[in-house]
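Novice: Pasting start_39.pdb below, which is PDB, C-alpha atoms and all ligand atoms.
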```pdb
ATOM      1  CA  MET U 766      -7.051-112.963  22.814
ATOM      2  CA  ASN U 767     -10.268-111.311  23.992
ATOM      3  CA  GLN U 768     -13.089-113.535  22.742
ATOM      4  CA  ASN U 769     -15.865-111.699  24.516
ATOM      5  CA  LYS U 770     -18.597-112.090  21.900
ATOM      6  CA  LYS U 771     -20.267-115.428  22.465
ATOM      7  CA  ILE U 772     -22.126-117.153  19.658
ATOM      8  CA  LEU U 773     -23.916-120.375  20.428
ATOM      9  CA  ALA U 774     -23.767-122.810  17.511
ATOM     10  CA  LEU U 775     -26.527-125.395  17.204
ATOM     11  CA  VAL U 776     -25.750-128.047  14.626
ATOM     12  CA  GLY U 777     -28.508-130.325  13.348
ATOM     13  CA  GLY U 778     -26.164-133.002  11.958
ATOM     14  CA  ILE U 779     -25.069-135.422  14.682
ATOM     15  CA  SER U 780     -23.502-138.241  12.661
ATOM     16  CA  LYS U 781     -19.738-138.869  12.809
ATOM     17  CA  GLY U 782     -19.139-137.658   9.267
ATOM     18  CA  SER U 783     -21.682-134.833   9.350
ATOM     19  CA  ILE U 784     -20.981-132.184   6.725
ATOM     20  CA  ASN U 785     -22.731-129.626   8.924
ATOM     21  CA  GLN U 786     -20.270-130.413  11.714
ATOM     22  CA  LYS U 787     -17.526-129.754   9.166
ATOM     23  CA  LEU U 788     -19.187-126.481   8.246
ATOM     24  CA  PHE U 789     -19.360-125.569  11.945
ATOM     25  CA  LYS U 790     -15.644-126.284  12.419
ATOM     26  CA  ALA U 791     -14.765-124.271   9.320
ATOM     27  CA  MET U 792     -16.849-121.332  10.624
ATOM     28  CA  GLN U 793     -15.138-121.682  13.995
ATOM     29  CA  GLU U 794     -11.686-121.589  12.397
ATOM     30  CA  ILE U 795     -12.365-118.342  10.549
ATOM     31  CA  ALA U 796     -14.321-116.638  13.331
ATOM     32  CA  PRO U 797     -13.297-113.002  13.903
ATOM     33  CA  HIS U 798     -10.715-112.793  16.714
ATOM     34  CA  ASP U 799     -13.137-111.305  19.245
ATOM     35  CA  TYR U 800     -15.738-114.044  18.738
ATOM     36  CA  GLN U 801     -16.134-117.348  20.537
ATOM     37  CA  LEU U 802     -18.229-119.828  18.535
ATOM     38  CA  GLU U 803     -19.177-122.652  20.880
ATOM     39  CA  GLN U 804     -21.407-125.614  20.055
ATOM     40  CA  PHE U 805     -23.996-127.149  22.366
ATOM     41  CA  ASP U 806     -24.381-130.866  21.599
ATOM     42  CA  LEU U 807     -28.078-131.553  20.978
ATOM     43  CA  SER U 808     -27.716-135.303  20.422
ATOM     44  CA  GLN U 809     -28.253-136.394  24.042
ATOM     45  CA  ILE U 810     -31.363-134.363  24.804
ATOM     46  CA  PRO U 811     -34.357-136.663  25.425
ATOM     47  CA  PHE U 812     -37.579-136.252  23.466
ATOM     48  CA  PHE U 813     -39.737-133.405  24.625
ATOM     49  CA  SER U 814     -42.719-134.291  26.777
ATOM     50  CA  GLN U 815     -45.035-131.770  28.317
ATOM     51  CA  ASP U 816     -45.082-133.960  31.441
ATOM     52  CA  LEU U 817     -41.451-132.963  32.047
ATOM     53  CA  GLU U 818     -41.428-129.310  31.067
ATOM     54  CA  VAL U 819     -41.719-127.825  34.601
ATOM     55  CA  ASP U 820     -38.793-129.958  35.791
ATOM     56  CA  PRO U 821     -36.811-130.623  32.609
ATOM     57  CA  PRO U 822     -33.686-132.783  32.254
ATOM     58  CA  GLY U 823     -30.441-131.063  33.269
ATOM     59  CA  LEU U 824     -29.258-130.791  29.680
ATOM     60  CA  VAL U 825     -32.293-128.711  28.812
ATOM     61  CA  ASN U 826     -31.578-126.286  31.653
ATOM     62  CA  GLN U 827     -27.977-126.067  30.428
ATOM     63  CA  LEU U 828     -29.151-125.367  26.886
ATOM     64  CA  LYS U 829     -31.490-122.607  28.074
ATOM     65  CA  GLU U 830     -28.656-121.012  30.068
ATOM     66  CA  LYS U 831     -26.332-121.134  27.054
ATOM     67  CA  ILE U 832     -28.998-119.520  24.871
ATOM     68  CA  LYS U 833     -29.577-116.750  27.402
ATOM     69  CA  GLU U 834     -25.900-115.909  27.834
ATOM     70  CA  ALA U 835     -25.087-115.964  24.093
ATOM     71  CA  HIS U 836     -25.012-112.734  22.092
ATOM     72  CA  ALA U 837     -26.575-114.639  19.197
ATOM     73  CA  ILE U 838     -27.357-118.127  17.947
ATOM     74  CA  LEU U 839     -26.023-119.728  14.765
ATOM     75  CA  PHE U 840     -28.188-122.571  13.448
ATOM     76  CA  ILE U 841     -26.308-124.885  11.076
ATOM     77  CA  THR U 842     -28.827-127.232   9.558
ATOM     78  CA  PRO U 843     -28.869-130.281   7.308
ATOM     79  CA  GLU U 844     -31.927-130.821   5.110
ATOM     80  CA  TYR U 845     -34.109-133.825   5.852
ATOM     81  CA  ASN U 846     -37.005-134.320   3.456
ATOM     82  CA  ARG U 847     -37.057-130.627   2.582
ATOM     83  CA  SER U 848     -37.179-129.607   6.233
ATOM     84  CA  PHE U 849     -34.845-129.348   9.207
ATOM     85  CA  PRO U 850     -34.017-132.417  11.313
ATOM     86  CA  GLY U 851     -35.849-133.606  14.410
ATOM     87  CA  VAL U 852     -32.942-132.823  16.740
ATOM     88  CA  PHE U 853     -33.527-129.134  16.029
ATOM     89  CA  LYS U 854     -37.286-129.294  16.544
ATOM     90  CA  ASN U 855     -36.798-131.150  19.806
ATOM     91  CA  ALA U 856     -34.277-128.632  21.158
ATOM     92  CA  ILE U 857     -36.325-125.666  19.949
ATOM     93  CA  ASP U 858     -39.478-126.989  21.609
ATOM     94  CA  TRP U 859     -37.732-127.695  24.915
ATOM     95  CA  ALA U 860     -36.145-124.256  25.121
ATOM     96  CA  SER U 861     -39.476-122.569  24.302
ATOM     97  CA  ARG U 862     -41.176-124.014  27.387
ATOM     98  CA  PRO U 863     -42.812-123.700  29.914
ATOM     99  CA  TYR U 864     -45.178-121.191  28.318
ATOM    100  CA  GLY U 865     -43.931-117.678  29.025
ATOM    101  CA  GLN U 866     -40.401-118.867  29.859
ATOM    102  CA  SER U 867     -38.968-119.290  26.386
ATOM    103  CA  ALA U 868     -35.217-118.739  26.103
ATOM    104  CA  TRP U 869     -35.534-117.695  22.451
ATOM    105  CA  VAL U 870     -37.484-114.429  22.730
ATOM    106  CA  GLY U 871     -35.679-111.489  21.122
ATOM    107  CA  LYS U 872     -32.520-113.490  20.376
ATOM    108  CA  ARG U 873     -30.666-112.659  17.201
ATOM    109  CA  ALA U 874     -29.800-115.589  14.974
ATOM    110  CA  GLY U 875     -28.173-116.676  11.759
ATOM    111  CA  VAL U 876     -29.185-119.688   9.700
ATOM    112  CA  MET U 877     -26.924-121.607   7.358
ATOM    113  CA  GLY U 878     -26.601-125.187   6.210
ATOM    114  CA  ALA U 879     -25.074-127.847   4.011
ATOM    115  CA  SER U 880     -26.585-130.765   2.157
ATOM    116  CA  VAL U 881     -25.644-132.966  -0.751
ATOM    117  CA  GLY U 882     -28.585-131.735  -2.803
ATOM    118  CA  ASN U 883     -28.557-129.038  -5.473
ATOM    119  CA  ILE U 884     -30.618-126.557  -3.478
ATOM    120  CA  GLY U 885     -28.354-126.991  -0.451
ATOM    121  CA  THR U 886     -30.810-126.820   2.507
ATOM    122  CA  PHE U 887     -33.100-124.142   1.038
ATOM    123  CA  GLY U 888     -36.162-126.101   2.207
ATOM    124  CA  ALA U 889     -34.706-126.771   5.657
ATOM    125  CA  GLN U 890     -33.713-123.185   6.242
ATOM    126  CA  HIS U 891     -37.056-121.750   5.251
ATOM    127  CA  HIS U 892     -38.986-124.092   7.522
ATOM    128  CA  LEU U 893     -36.582-123.193  10.295
ATOM    129  CA  ARG U 894     -36.985-119.455   9.667
ATOM    130  CA  GLN U 895     -40.752-119.826   9.977
ATOM    131  CA  VAL U 896     -40.414-121.414  13.437
ATOM    132  CA  LEU U 897     -37.825-118.878  14.619
ATOM    133  CA  ALA U 898     -40.059-115.983  13.533
ATOM    134  CA  TYR U 899     -42.912-117.421  15.596
ATOM    135  CA  LEU U 900     -40.548-117.615  18.587
ATOM    136  CA  ASP U 901     -39.950-113.861  18.226
ATOM    137  CA  MET U 902     -36.312-114.214  17.214
ATOM    138  CA  LYS U 903     -34.566-111.746  14.921
ATOM    139  CA  VAL U 904     -33.006-113.721  12.092
ATOM    140  CA  MET U 905     -30.472-112.222   9.676
ATOM    141  CA  GLY U 906     -31.976-112.040   6.169
ATOM    142  CA  GLN U 907     -28.822-111.572   4.103
ATOM    143  CA  PRO U 908     -26.552-113.103   3.087
ATOM    144  CA  GLU U 909     -28.223-116.457   2.682
ATOM    145  CA  PHE U 910     -25.930-119.476   2.829
ATOM    146  CA  TYR U 911     -27.000-122.654   1.022
ATOM    147  CA  LEU U 912     -24.119-125.056   0.560
ATOM    148  CA  ASN U 913     -24.104-128.036  -1.770
ATOM    149  CA  ALA U 914     -21.289-129.715   0.115
ATOM    150  CA  SER U 915     -20.767-132.759  -2.109
ATOM    151  CA  HIS U 916     -17.214-131.664  -2.911
ATOM    152  CA  ALA U 917     -16.654-128.884  -0.386
ATOM    153  CA  PHE U 918     -14.625-130.795   2.236
ATOM    154  CA  ASP U 919     -11.950-133.488   2.163
ATOM    155  CA  ASP U 920     -12.095-136.612   4.393
ATOM    156  CA  GLN U 921     -10.430-134.742   7.257
ATOM    157  CA  GLY U 922     -13.085-132.026   7.057
ATOM    158  CA  LYS U 923     -10.761-129.453   5.498
ATOM    159  CA  LEU U 924     -12.532-126.921   3.306
ATOM    160  CA  MET U 925     -11.405-127.452  -0.294
ATOM    161  CA  ASP U 926     -12.974-124.480  -2.039
ATOM    162  CA  VAL U 927     -11.562-120.977  -1.612
ATOM    163  CA  LYS U 928     -14.761-119.368  -2.943
ATOM    164  CA  ILE U 929     -16.810-121.015  -0.214
ATOM    165  CA  LYS U 930     -14.319-119.724   2.345
ATOM    166  CA  GLU U 931     -14.835-116.196   1.003
ATOM    167  CA  LEU U 932     -18.602-116.586   1.369
ATOM    168  CA  MET U 933     -18.103-117.740   4.946
ATOM    169  CA  ILE U 934     -15.882-114.759   5.775
ATOM    170  CA  ASN U 935     -18.528-112.491   4.286
ATOM    171  CA  TYR U 936     -21.191-114.248   6.356
ATOM    172  CA  TRP U 937     -19.239-113.499   9.546
ATOM    173  CA  LYS U 938     -18.854-109.825   8.592
ATOM    174  CA  SER U 939     -22.586-109.448   8.001
ATOM    175  CA  PHE U 940     -23.448-111.411  11.127
ATOM    176  CA  ASP U 941     -21.196-109.146  13.203
ATOM    177  CA  ARG U 942     -22.995-106.039  11.861
ATOM    178  CA  PHE U 943     -26.417-107.660  12.319
ATOM    179  CA  ILE U 944     -25.842-108.712  15.932
ATOM    180  CA  TYR U 945     -24.879-105.216  17.072
ATOM    181  CA  GLU U 946     -27.006-102.990  14.812
TER
HETATM  182  C1  LIG Q1001     -33.702-138.709   6.350
HETATM  183  C2  LIG Q1001     -32.901-137.938   5.312
HETATM  184  C3  LIG Q1001     -33.532-137.070   4.473
HETATM  185  C4  LIG Q1001     -32.790-136.307   3.558
HETATM  186  N1  LIG Q1001     -33.432-135.370   2.793
HETATM  187  C5  LIG Q1001     -32.689-134.517   2.059
HETATM  188  C6  LIG Q1001     -33.298-133.391   1.424
HETATM  189  O1  LIG Q1001     -34.488-133.152   1.525
HETATM  190  N2  LIG Q1001     -32.512-132.546   0.710
HETATM  191  C7  LIG Q1001     -31.142-132.754   0.589
HETATM  192  O2  LIG Q1001     -30.475-131.944  -0.057
HETATM  193  N3  LIG Q1001     -30.552-133.812   1.173
HETATM  194  C8  LIG Q1001     -31.283-134.684   1.910
HETATM  195  N4  LIG Q1001     -30.671-135.733   2.556
HETATM  196  C9  LIG Q1001     -29.237-135.948   2.358
HETATM  197  C10 LIG Q1001     -28.428-135.027   3.285
HETATM  198  O3  LIG Q1001     -28.176-133.823   2.591
HETATM  199  C11 LIG Q1001     -27.109-135.689   3.644
HETATM  200  O4  LIG Q1001     -27.354-136.917   4.311
HETATM  201  C12 LIG Q1001     -26.256-134.790   4.493
HETATM  202  O5  LIG Q1001     -24.987-135.381   4.648
HETATM  203  C13 LIG Q1001     -26.903-134.540   5.860
HETATM  204  O6  LIG Q1001     -26.161-133.606   6.617
HETATM  205  P1  LIG Q1001     -25.156-134.079   7.759
HETATM  206  O7  LIG Q1001     -24.031-134.831   7.056
HETATM  207  O8  LIG Q1001     -24.666-132.825   8.389
HETATM  208  O9  LIG Q1001     -25.933-134.949   8.701
HETATM  209  C14 LIG Q1001     -31.398-136.499   3.452
HETATM  210  C15 LIG Q1001     -30.773-137.432   4.296
HETATM  211  C16 LIG Q1001     -31.500-138.131   5.226
HETATM  212  C17 LIG Q1001     -30.788-139.101   6.172
END
```
Please re-express this file's structure in structure tokens.
Specialist:
Amino acid sequence: MNQNKKILALVGGISKGSINQKLFKAMQEIAPHDYQLEQFDLSQIPFFSQDLEVDPPGLVNQLKEKIKEAHAILFITPEYNRSFPGVFKNAIDWASRPYGQSAWVGKRAGVMGASVGNIGTFGAQHHLRQVLAYLDMKVMGQPEFYLNASHAFDDQGKLMDVKIKELMINYWKSFDRFIYE
């Protein structure tokens, strides 16, 4: 199978039972055959400090390389207090530095997310979009994907709802068009 289109998934949920990790795996399972959706684990990246930005930790260099070689980035975000979680802000800040050497510039991206609340990460995604726009990224506008995941997955992480699966397939189709338009 020729999986030559590389999408870098960044997932803001790092707990064992994370519903956003489940969403990532479900997106990975239904990825179009020519796509490779690979996650970079953000949980071990130290806190950003400007003292370290000219000689960053190895993981940060790896992240920047993965961003550069990816055709596009897929952000899968939980909602924390109506915003996106700190692990995302930390990774975004690292990869934007040093000044003038940001890995994000011009990158195409998709944003999606799952929470247990009724507005399913609306607040998180819109804060995130604001930051990505500042970083000069091109973020897909439609379709939006806000998932109230309270009953979406079983304990093994299997997607229970066929309608959600259809929305995810549609998301991939639009993302494919958006990345290469
Ligand atoms: C610090 C914190 C803040 C949260 N704030 C929100 C929120 O603003 N909106 C929401 O829908 N859920 C909120 N939740 C609940 C999350 O939706 C829920 O914990 C979800 O499982 C997080 O995603 P994850 O499982 O991928 O980590 C919050 C949870 C935590 C731990």
Novice: Could you pull out the residues sitting within 9 Å of ligand LIG 1001 (chain Q), using all atoms listed in the file, and write them as a ChimeraX atom specification?
Specialist: /U:776-788,841-850,878-889,913-915
Novice: So how far away is atom CA of Gln793 of chain U from atom CA of His836 of chain U, in Å?
Specialist: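 Atom-to-atom, atom CA of His836 of chain U and atom CA of Gln793 of chain U are spaced 15.6 Å apart.
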Novice: For a quick check of understanding, using all atoms listed in the file, which of U:Gln827, U:Met792, U:Ile857, U:Arg894 has the smallest distance to Phe805 of chain U?
Specialist: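 So, comparing all the options, the nearest one is U:Gln827.
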Novice: Find, counting only C-alpha atoms, the residue in U:Phe840, U:Tyr899, U:Phe812, U:Phe918 that gets nearest to Ser861 of chain U.
Specialist: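 Comparing U:Phe840, U:Tyr899, U:Phe812, U:Phe918 against Ser861 of chain U, the winner is U:Tyr899.
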Novice: Restricting the calculation to only C-alpha atoms, which member of U:Val825, U:Val927, U:Ala796, U:Ile944 is positioned closest to Ser808 of chain U?
Specialist: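 Nearest candidate to Ser808 of chain U out of U:Val825, U:Val927, U:Ala796, U:Ile944: U:Val825.
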Novice: What residues have an atom no more than 9 Å from (-12.1, -110.5, 21.3) in the file's own frame, counting all atoms listed in the file, and can you write them as an MDAnalysis selection string?
Specialist: chainID U and resid 766:770 797:801
Novice: Selection from above, C-alpha atoms, as a PDB file, in the coordinates of the input, can you write it?
Specialist:
```
ATOM      1  CA  MET U 766      -7.051-112.963  22.814  1.00  0.00           C
ATOM      2  CA  ASN U 767     -10.268-111.311  23.992  1.00  0.00           C
ATOM      3  CA  GLN U 768     -13.089-113.535  22.742  1.00  0.00           C
ATOM      4  CA  ASN U 769     -15.865-111.699  24.516  1.00  0.00           C
ATOM      5  CA  LYS U 770     -18.597-112.090  21.900  1.00  0.00           C
ATOM      6  CA  PRO U 797     -13.297-113.002  13.903  1.00  0.00           C
ATOM      7  CA  HIS U 798     -10.715-112.793  16.714  1.00  0.00           C
ATOM      8  CA  ASP U 799     -13.137-111.305  19.245  1.00  0.00           C
ATOM      9  CA  TYR U 800     -15.738-114.044  18.738  1.00  0.00           C
ATOM     10  CA  GLN U 801     -16.134-117.348  20.537  1.00  0.00           C
TER      11      GLN U 801
END
```
Novice: Report the centre and edge lengths, in Å to one decimal, of an axis-aligned box enclosing every atom of segment 896-899 of chain U listed in the file, padded by 8 Å on each side, as AutoDock Vina command-line options.
Specialist:
```
--center_x -40.4 --center_y -118.7 --center_z 14.5 --size_x 21.1 --size_y 21.4 --size_z 18.2
```
Novice: Could you pull the residues within 12 Å of Lys833 of chain U, counting only C-alpha atoms, minus those fewer than 2 positions along the same chain, as number ranges by chain?
Specialist: U: 771-773, 826-831, 835-838, 860-861, 866-873
Novice: Neighbours of Met905 of chain U within 7 Å (only C-alpha atoms; same-chain residues fewer than 2 positions away dropped), as a list in words?
Specialist: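 Counting only C-alpha atoms, the residues come to Ala874, Gly875, Lys903, Gln907 and Phe943 of chain U.
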Novice: What does the structure give for the distance between atom CA of Met877 of chain U and atom CA of Glu909 of chain U, in Å to one decimal?
Specialist: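 These atoms are spaced 7.1 Å apart.
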Novice: When you look at Lys790 of chain U with a cut-off of 10 Å (counting all atoms listed in the file), what residues show up, excluding the ones that are within fewer than 5 positions of it in the same chain? I need them as a VMD selection string.
Specialist: chain U and resid 784 to 785 795 to 796 802 to 804 922 to 924
Novice: What separation in Å, quoted to one decimal, exists between atom CA of Val876 of chain U and atom CA of Gln890 of chain U?
Specialist: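 For atom CA of Val876 of chain U relative to atom CA of Gln890 of chain U, the distance reads 6.7 Å.
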Novice: Please write as a PDB file with C-alpha atoms, in the coordinates of the input the full residue list that the PyMOL selection byres (((chain U and resi 932) around 12) and not hetatm) yields on this file.
Specialist:
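Final output, saved to expr07.pdb:
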```
ATOM      1  CA  ALA U 791     -14.765-124.271   9.320  1.00  0.00           C
ATOM      2  CA  MET U 792     -16.849-121.332  10.624  1.00  0.00           C
ATOM      3  CA  ILE U 795     -12.365-118.342  10.549  1.00  0.00           C
ATOM      4  CA  MET U 877     -26.924-121.607   7.358  1.00  0.00           C
ATOM      5  CA  GLN U 907     -28.822-111.572   4.103  1.00  0.00           C
ATOM      6  CA  PRO U 908     -26.552-113.103   3.087  1.00  0.00           C
ATOM      7  CA  GLU U 909     -28.223-116.457   2.682  1.00  0.00           C
ATOM      8  CA  PHE U 910     -25.930-119.476   2.829  1.00  0.00           C
ATOM      9  CA  TYR U 911     -27.000-122.654   1.022  1.00  0.00           C
ATOM     10  CA  LEU U 912     -24.119-125.056   0.560  1.00  0.00           C
ATOM     11  CA  ASP U 926     -12.974-124.480  -2.039  1.00  0.00           C
ATOM     12  CA  VAL U 927     -11.562-120.977  -1.612  1.00  0.00           C
ATOM     13  CA  LYS U 928     -14.761-119.368  -2.943  1.00  0.00           C
ATOM     14  CA  ILE U 929     -16.810-121.015  -0.214  1.00  0.00           C
ATOM     15  CA  LYS U 930     -14.319-119.724   2.345  1.00  0.00           C
ATOM     16  CA  GLU U 931     -14.835-116.196   1.003  1.00  0.00           C
ATOM     17  CA  MET U 933     -18.103-117.740   4.946  1.00  0.00           C
ATOM     18  CA  ILE U 934     -15.882-114.759   5.775  1.00  0.00           C
ATOM     19  CA  ASN U 935     -18.528-112.491   4.286  1.00  0.00           C
ATOM     20  CA  TYR U 936     -21.191-114.248   6.356  1.00  0.00           C
ATOM     21  CA  TRP U 937     -19.239-113.499   9.546  1.00  0.00           C
ATOM     22  CA  LYS U 938     -18.854-109.825   8.592  1.00  0.00           C
ATOM     23  CA  SER U 939     -22.586-109.448   8.001  1.00  0.00           C
TER      24      SER U 939
END
```
Novice: Output: segment 910-934 of chain U of the preceding structure, restricted to N, CA and C atoms, written as a PDB file, in the first residue's frame.
Specialist:
```
ATOM      1  N   PHE U 910     -15.792  20.024  13.243  1.00  0.00           N
ATOM      2  CA  PHE U 910     -16.007  18.704  13.864  1.00  0.00           C
ATOM      3  C   PHE U 910     -15.944  18.853  15.374  1.00  0.00           C
ATOM      4  N   TYR U 911     -17.118  18.991  15.987  1.00  0.00           N
ATOM      5  CA  TYR U 911     -17.226  19.119  17.448  1.00  0.00           C
ATOM      6  C   TYR U 911     -17.926  17.867  17.960  1.00  0.00           C
ATOM      7  N   LEU U 912     -17.211  17.064  18.711  1.00  0.00           N
ATOM      8  CA  LEU U 912     -17.808  15.791  19.140  1.00  0.00           C
ATOM      9  C   LEU U 912     -18.092  15.780  20.638  1.00  0.00           C
ATOM     10  N   ASN U 913     -19.382  15.617  20.973  1.00  0.00           N
ATOM     11  CA  ASN U 913     -19.727  15.275  22.359  1.00  0.00           C
ATOM     12  C   ASN U 913     -19.572  13.764  22.455  1.00  0.00           C
ATOM     13  N   ALA U 914     -18.475  13.339  23.081  1.00  0.00           N
ATOM     14  CA  ALA U 914     -18.086  11.930  23.004  1.00  0.00           C
ATOM     15  C   ALA U 914     -18.560  11.106  24.185  1.00  0.00           C
ATOM     16  N   SER U 915     -19.527  11.623  24.948  1.00  0.00           N
ATOM     17  CA  SER U 915     -19.967  10.900  26.148  1.00  0.00           C
ATOM     18  C   SER U 915     -20.314   9.445  25.848  1.00  0.00           C
ATOM     19  N   HIS U 916     -20.984   9.226  24.708  1.00  0.00           N
ATOM     20  CA  HIS U 916     -21.415   7.859  24.380  1.00  0.00           C
ATOM     21  C   HIS U 916     -20.888   7.402  23.023  1.00  0.00           C
ATOM     22  N   ALA U 917     -19.828   8.037  22.553  1.00  0.00           N
ATOM     23  CA  ALA U 917     -19.366   7.749  21.186  1.00  0.00           C
ATOM     24  C   ALA U 917     -18.534   6.470  21.096  1.00  0.00           C
ATOM     25  N   PHE U 918     -17.786   6.155  22.171  1.00  0.00           N
ATOM     26  CA  PHE U 918     -16.856   5.017  22.124  1.00  0.00           C
ATOM     27  C   PHE U 918     -17.191   4.015  23.229  1.00  0.00           C
ATOM     28  N   ASP U 919     -16.877   2.737  22.989  1.00  0.00           N
ATOM     29  CA  ASP U 919     -16.990   1.767  24.083  1.00  0.00           C
ATOM     30  C   ASP U 919     -15.679   1.738  24.879  1.00  0.00           C
ATOM     31  N   ASP U 920     -15.573   0.874  25.879  1.00  0.00           N
ATOM     32  CA  ASP U 920     -14.393   0.856  26.761  1.00  0.00           C
ATOM     33  C   ASP U 920     -13.107   0.527  26.009  1.00  0.00           C
ATOM     34  N   GLN U 921     -13.243  -0.221  24.927  1.00  0.00           N
ATOM     35  CA  GLN U 921     -12.061  -0.586  24.124  1.00  0.00           C
ATOM     36  C   GLN U 921     -11.698   0.510  23.110  1.00  0.00           C
ATOM     37  N   GLY U 922     -12.489   1.574  23.104  1.00  0.00           N
ATOM     38  CA  GLY U 922     -12.201   2.681  22.182  1.00  0.00           C
ATOM     39  C   GLY U 922     -12.851   2.510  20.823  1.00  0.00           C
ATOM     40  N   LYS U 923     -13.724   1.496  20.705  1.00  0.00           N
ATOM     41  CA  LYS U 923     -14.394   1.285  19.408  1.00  0.00           C
ATOM     42  C   LYS U 923     -15.515   2.306  19.243  1.00  0.00           C
ATOM     43  N   LEU U 924     -15.569   2.880  18.049  1.00  0.00           N
ATOM     44  CA  LEU U 924     -16.597   3.880  17.746  1.00  0.00           C
ATOM     45  C   LEU U 924     -17.962   3.205  17.671  1.00  0.00           C
ATOM     46  N   MET U 925     -18.928   3.723  18.435  1.00  0.00           N
ATOM     47  CA  MET U 925     -20.230   3.066  18.554  1.00  0.00           C
ATOM     48  C   MET U 925     -21.265   3.626  17.572  1.00  0.00           C
ATOM     49  N   ASP U 926     -21.022   4.807  17.054  1.00  0.00           N
ATOM     50  CA  ASP U 926     -22.079   5.530  16.351  1.00  0.00           C
ATOM     51  C   ASP U 926     -21.738   5.648  14.863  1.00  0.00           C
ATOM     52  N   VAL U 927     -22.576   5.052  14.029  1.00  0.00           N
ATOM     53  CA  VAL U 927     -22.303   5.024  12.590  1.00  0.00           C
ATOM     54  C   VAL U 927     -22.389   6.425  11.975  1.00  0.00           C
ATOM     55  N   LYS U 928     -23.206   7.287  12.554  1.00  0.00           N
ATOM     56  CA  LYS U 928     -23.336   8.656  12.016  1.00  0.00           C
ATOM     57  C   LYS U 928     -22.048   9.444  12.240  1.00  0.00           C
ATOM     58  N   ILE U 929     -21.429   9.218  13.384  1.00  0.00           N
ATOM     59  CA  ILE U 929     -20.151   9.895  13.652  1.00  0.00           C
ATOM     60  C   ILE U 929     -19.095   9.397  12.669  1.00  0.00           C
ATOM     61  N   LYS U 930     -19.135   8.099  12.391  1.00  0.00           N
ATOM     62  CA  LYS U 930     -18.168   7.547  11.421  1.00  0.00           C
ATOM     63  C   LYS U 930     -18.350   8.208  10.050  1.00  0.00           C
ATOM     64  N   GLU U 931     -19.594   8.428   9.659  1.00  0.00           N
ATOM     65  CA  GLU U 931     -19.847   9.096   8.373  1.00  0.00           C
ATOM     66  C   GLU U 931     -19.275  10.506   8.368  1.00  0.00           C
ATOM     67  N   LEU U 932     -19.442  11.214   9.490  1.00  0.00           N
ATOM     68  CA  LEU U 932     -18.882  12.572   9.584  1.00  0.00           C
ATOM     69  C   LEU U 932     -17.358  12.544   9.483  1.00  0.00           C
ATOM     70  N   MET U 933     -16.764  11.512  10.061  1.00  0.00           N
ATOM     71  CA  MET U 933     -15.303  11.395  10.010  1.00  0.00           C
ATOM     72  C   MET U 933     -14.821  11.091   8.595  1.00  0.00           C
ATOM     73  N   ILE U 934     -15.552  10.237   7.886  1.00  0.00           N
ATOM     74  CA  ILE U 934     -15.189   9.933   6.494  1.00  0.00           C
ATOM     75  C   ILE U 934     -15.288  11.200   5.646  1.00  0.00           C
TER      76      ILE U 934
END
```
